[in-house]
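Novice: I'd like to ask you about the structure that follows.
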Amino acid sequence: MTTVAAYAAPAAKAPLERTTIERRPVGEFDVLIDIKFAGICHSDIHQAQEGWGEAIFPMVPGHEIAGVVSEVGSGVTKYKVGDRVGVGCMVDSCRECDNCKAGLEQYCTGGGMIGTYNALDKNGEPTYGGYSQKIVVDENYVVRIPDGLSLDVAAPLLCAGITTYSPLKHWNAGPGKRVAIVGMGGLGHMAVKIAHALGAEVTVLSQSLRKKDDGLKLGADHYYATSDPKTFEELAGSFDIILSTVSAPLGLDTYLSLLKTDGAFVNVGAPEDPVSLNLFSVIMGRKSLAGSGIGGIQETQEMLDFCAEHGFGAEIELIRADQINEAYERVQASDVRYRFVIDTATI
């Protein structure tokens, strides 16, 4: 076992504090990663505050991990010491169900994917995430960070990047498609970049026009304030795909009115409370209300290569580890442009 420093929430809603955790010995197919940067995802806050249900404490959050391989097991073939790598939202799955075999490990039906933190591994031990100095992961759940991406801006791609890339690809965002992105935060700003790079016509739907200049700079063609009722009148029946990245409950019927016939409203943001829906909002127009999780390992690698090819990572604010609690407060106040990333050398 290796003892490493980390930041953990000792209990639900408690401030995170510096502590130490044990990492398992490097097994035959394991990779030991020296973590260099870890992104702060809104999911970290939901889970540390038990907003999505009962959680495991102490909790070391963090599933946007970028680092360098420092040791490999004897059976490892995919990576070597010195490689630049990333770890996202999962560190294992059953590997045997149809979804796992199809590269959809995130939808594992053989017990579900094993989360990078707030989960139990196959030995029944709790998993601990990226707010730490090192992590040990099976090589099959590690991805390579291309040379064209610096590690700090690559870290948020392991969740925010793949969470938006996967549905945009699945619902065929591209030339000739009109795509709306709801929310201009950590996920939303990546969705804008990716949808633009895929060739779609991109519109941002945000509460206000406060971030309009940023949105247009990142690739949006249009930017509207949802606080203005005229927005929904003007844009009725406009979009092929609406990707909602917000974790606040929305008036779904209102947003569904913005879809064209056969359009899809896809949720990647997950509100803590249930939302209501009038089914006529999907019946009239043969519209789809859908959701999407992260991506599989192969698709996550594809996303990283795509971002490197197009020359972008996340827009980040780099922070010290002792600023994590302040960063949580700022994320909840939507006061970040656009992803906090922890310099793990400061843990």
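To be explicit about the labels: the chains of the structure tokens are called A, B, and onward in the order shown, and within each one the residues are counted from 1, while ligands get numbers from 1 in the order they are shown.
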Residues within 12 Å of Ala102 (chain A), please, as a list in words. Count only C-alpha atoms; anything in the same chain fewer than 6 positions from it doesn't count.
Specialist: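 Contacts, in chain order: Arg95, Glu96, Cys108, Thr109, Gly295, Gly296, Ile297, Gln298 and Glu299 of chain A.
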Novice: Go ahead and dump the residues you just picked, all heavy atoms, as a PDB file, in the first residue's frame.
Specialist:
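In the end it all went to result_37.pdb:
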ATOM      1  N   ARG A  95     -16.992  -5.787 -17.522  1.00  0.00           N
ATOM      2  CA  ARG A  95     -16.218  -6.184 -18.710  1.00  0.00           C
ATOM      3  C   ARG A  95     -16.851  -7.332 -19.491  1.00  0.00           C
ATOM      4  O   ARG A  95     -16.314  -7.732 -20.521  1.00  0.00           O
ATOM      5  CB  ARG A  95     -14.770  -6.549 -18.345  1.00  0.00           C
ATOM      6  CG  ARG A  95     -14.100  -5.547 -17.432  1.00  0.00           C
ATOM      7  CD  ARG A  95     -12.648  -5.883 -17.215  1.00  0.00           C
ATOM      8  NE  ARG A  95     -12.091  -5.067 -16.118  1.00  0.00           N
ATOM      9  CZ  ARG A  95     -10.804  -4.840 -15.960  1.00  0.00           C
ATOM     10  NH1 ARG A  95      -9.932  -5.341 -16.800  1.00  0.00           N
ATOM     11  NH2 ARG A  95     -10.376  -4.114 -14.947  1.00  0.00           N
ATOM     12  N   GLU A  96     -17.964  -7.858 -19.024  1.00  0.00           N
ATOM     13  CA  GLU A  96     -18.548  -9.048 -19.639  1.00  0.00           C
ATOM     14  C   GLU A  96     -19.935  -8.835 -20.230  1.00  0.00           C
ATOM     15  O   GLU A  96     -20.374  -9.628 -21.069  1.00  0.00           O
ATOM     16  CB  GLU A  96     -18.615 -10.182 -18.602  1.00  0.00           C
ATOM     17  CG  GLU A  96     -17.240 -10.631 -18.116  1.00  0.00           C
ATOM     18  CD  GLU A  96     -17.326 -11.648 -16.992  1.00  0.00           C
ATOM     19  OE1 GLU A  96     -18.463 -11.911 -16.519  1.00  0.00           O
ATOM     20  OE2 GLU A  96     -16.277 -12.173 -16.590  1.00  0.00           O
ATOM     21  N   CYS A 108     -22.627  -0.140 -18.056  1.00  0.00           N
ATOM     22  CA  CYS A 108     -22.450  -1.535 -17.641  1.00  0.00           C
ATOM     23  C   CYS A 108     -23.695  -2.056 -16.932  1.00  0.00           C
ATOM     24  O   CYS A 108     -24.206  -1.425 -15.998  1.00  0.00           O
ATOM     25  CB  CYS A 108     -21.237  -1.634 -16.712  1.00  0.00           C
ATOM     26  SG  CYS A 108     -21.019  -3.241 -15.922  1.00  0.00           S
ATOM     27  N   THR A 109     -24.179  -3.214 -17.393  1.00  0.00           N
ATOM     28  CA  THR A 109     -25.354  -3.831 -16.763  1.00  0.00           C
ATOM     29  C   THR A 109     -24.975  -4.992 -15.852  1.00  0.00           C
ATOM     30  O   THR A 109     -25.835  -5.625 -15.259  1.00  0.00           O
ATOM     31  CB  THR A 109     -26.340  -4.336 -17.833  1.00  0.00           C
ATOM     32  OG1 THR A 109     -25.664  -5.270 -18.697  1.00  0.00           O
ATOM     33  CG2 THR A 109     -26.882  -3.182 -18.665  1.00  0.00           C
ATOM     34  N   GLY A 295     -18.900   8.808 -21.639  1.00  0.00           N
ATOM     35  CA  GLY A 295     -18.648   7.938 -22.774  1.00  0.00           C
ATOM     36  C   GLY A 295     -17.848   6.734 -22.326  1.00  0.00           C
ATOM     37  O   GLY A 295     -17.327   6.697 -21.205  1.00  0.00           O
ATOM     38  N   GLY A 296     -17.741   5.754 -23.205  1.00  0.00           N
ATOM     39  CA  GLY A 296     -16.878   4.620 -22.922  1.00  0.00           C
ATOM     40  C   GLY A 296     -15.413   5.007 -23.064  1.00  0.00           C
ATOM     41  O   GLY A 296     -15.079   6.128 -23.465  1.00  0.00           O
ATOM     42  N   ILE A 297     -14.532   4.079 -22.743  1.00  0.00           N
ATOM     43  CA  ILE A 297     -13.100   4.369 -22.778  1.00  0.00           C
ATOM     44  C   ILE A 297     -12.643   4.718 -24.199  1.00  0.00           C
ATOM     45  O   ILE A 297     -11.918   5.693 -24.415  1.00  0.00           O
ATOM     46  CB  ILE A 297     -12.294   3.175 -22.232  1.00  0.00           C
ATOM     47  CG1 ILE A 297     -12.665   2.923 -20.751  1.00  0.00           C
ATOM     48  CG2 ILE A 297     -10.793   3.437 -22.374  1.00  0.00           C
ATOM     49  CD1 ILE A 297     -12.382   4.073 -19.824  1.00  0.00           C
ATOM     50  N   GLN A 298     -13.072   3.947 -25.185  1.00  0.00           N
ATOM     51  CA  GLN A 298     -12.668   4.213 -26.562  1.00  0.00           C
ATOM     52  C   GLN A 298     -13.162   5.576 -27.028  1.00  0.00           C
ATOM     53  O   GLN A 298     -12.436   6.331 -27.686  1.00  0.00           O
ATOM     54  CB  GLN A 298     -13.206   3.110 -27.479  1.00  0.00           C
ATOM     55  CG  GLN A 298     -12.770   3.258 -28.932  1.00  0.00           C
ATOM     56  CD  GLN A 298     -13.285   2.115 -29.799  1.00  0.00           C
ATOM     57  OE1 GLN A 298     -13.585   1.034 -29.318  1.00  0.00           O
ATOM     58  NE2 GLN A 298     -13.383   2.366 -31.096  1.00  0.00           N
ATOM     59  N   GLU A 299     -14.417   5.912 -26.690  1.00  0.00           N
ATOM     60  CA  GLU A 299     -14.954   7.202 -27.110  1.00  0.00           C
ATOM     61  C   GLU A 299     -14.275   8.363 -26.371  1.00  0.00           C
ATOM     62  O   GLU A 299     -14.094   9.446 -26.927  1.00  0.00           O
ATOM     63  CB  GLU A 299     -16.472   7.256 -26.887  1.00  0.00           C
ATOM     64  CG  GLU A 299     -17.110   8.490 -27.499  1.00  0.00           C
ATOM     65  CD  GLU A 299     -18.616   8.497 -27.390  1.00  0.00           C
ATOM     66  OE1 GLU A 299     -19.150   8.177 -26.293  1.00  0.00           O
ATOM     67  OE2 GLU A 299     -19.276   8.828 -28.389  1.00  0.00           O
TER      68      GLU A 299
END
Novice: Write out as a ChimeraX atom specification which residues come within 7 Å of Asp34 (chain A) when counting only C-alpha atoms, dropping same-chain ones fewer than 6 positions away.
Specialist: /A:67-70,133-135
Novice: I want to know what sits within 10 Å of Ala191 (chain A), based on only C-alpha atoms, with residues of the same chain fewer than 2 positions away left out; could you give that as a VMD selection string?
Specialist: chain A and resid 160 to 165 167 to 168 179 to 189 193 to 197 202 204 218 to 220 243 to 245
Novice: Have a look at A:Asp228, A:Asp44, A:Asp214, A:Glu302 and name the one nearest to Ser166 (chain A); count only C-alpha atoms.
Specialist: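 Looking at the shortest contact to Ser166 (chain A), the residue is A:Glu302.
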Novice: Measuring between only C-alpha atoms, which one of A:Pro61, A:Gly27, A:Gly73, A:Gly148 shows the shortest distance to Gly115 (chain A)?
Specialist: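 Nearest to Gly115 (chain A): A:Pro61.
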Novice: Compare A:Cys307, A:Ala264, A:Leu318, A:Cys89 by their minimum atom-to-atom distance to Leu198 (chain A), counting only C-alpha atoms, and give me the closest one.
Specialist: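 Using only C-alpha atoms, the shortest distance to Leu198 (chain A) belongs to A:Cys307.
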Novice: Just want the 7 Å neighbourhood of Ser238 (chain A), counted on only C-alpha atoms, with same-chain residues fewer than 3 positions away dropped. Output as a list in words.
Specialist: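 Once the adjacent positions are removed, what remains is Leu235, Leu258, Leu259 and Lys260 of chain A.
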Novice: The selected residues should be written to file as a PDB file, in the first residue's frame (atoms: C-alpha atoms).
Specialist:
ATOM      1  CA  LEU A 235     -36.887  30.350 -31.361  1.00  0.00           C
ATOM      2  CA  LEU A 258     -37.963  24.956 -29.276  1.00  0.00           C
ATOM      3  CA  LEU A 259     -37.371  21.638 -31.068  1.00  0.00           C
ATOM      4  CA  LYS A 260     -38.121  20.903 -34.689  1.00  0.00           C
TER       5      LYS A 260
END
Novice: I'd like the contact shell of Val91 (chain A) - 6 Å cut-off, only C-alpha atoms, skipping same-chain residues fewer than 3 positions apart - returned as JSON, numbers by chain.
Specialist: {"A": [114, 116, 141]}
Novice: I need the residues from that last selection saved to file as a compact mmCIF listing (two decimals), in the first residue's frame (with C-alpha atoms), if you can.
Specialist:
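As written to disk, selection.txt reads:
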# COMPACT_ATOMS: atom_id res chain seq x y z
CA ILE A 114 -17.30 1.49 -10.72
CA THR A 116 -13.58 6.80 -9.62
CA TYR A 141 -9.62 2.39 -17.75
Novice: Using only C-alpha atoms, can you tell me which of A:Tyr79, A:Asp322, A:Phe306, A:His42 comes closest to Ser334 (chain A)?
Specialist: A:His42
Novice: Pick the closest to Tyr128 (chain A) from A:Lys78, A:Arg178, A:Arg24, A:Lys287: which is it, counting only C-alpha atoms?
Specialist: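 When distances to Tyr128 (chain A) are compared using only C-alpha atoms, the smallest one comes from A:Arg24.
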Novice: If you run DSSP on the backbone here, which positions in region 38-281 of chain A get strand (DSSP E)? Please write them as a ChimeraX atom specification.
Specialist: /A:38-39,65-72,84-87,90-92,114-115,134-138,143-144,178-182,201-206,222-225,239-244,259-267
Novice: Using only C-alpha atoms, can you tell me which of A:Pro25, A:Gly263, A:Pro271, A:Gly62 comes closest to Ile342 (chain A)?
Specialist: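 Going through A:Pro25, A:Gly263, A:Pro271, A:Gly62 one by one, the smallest distance to Ile342 (chain A) is for A:Gly62.
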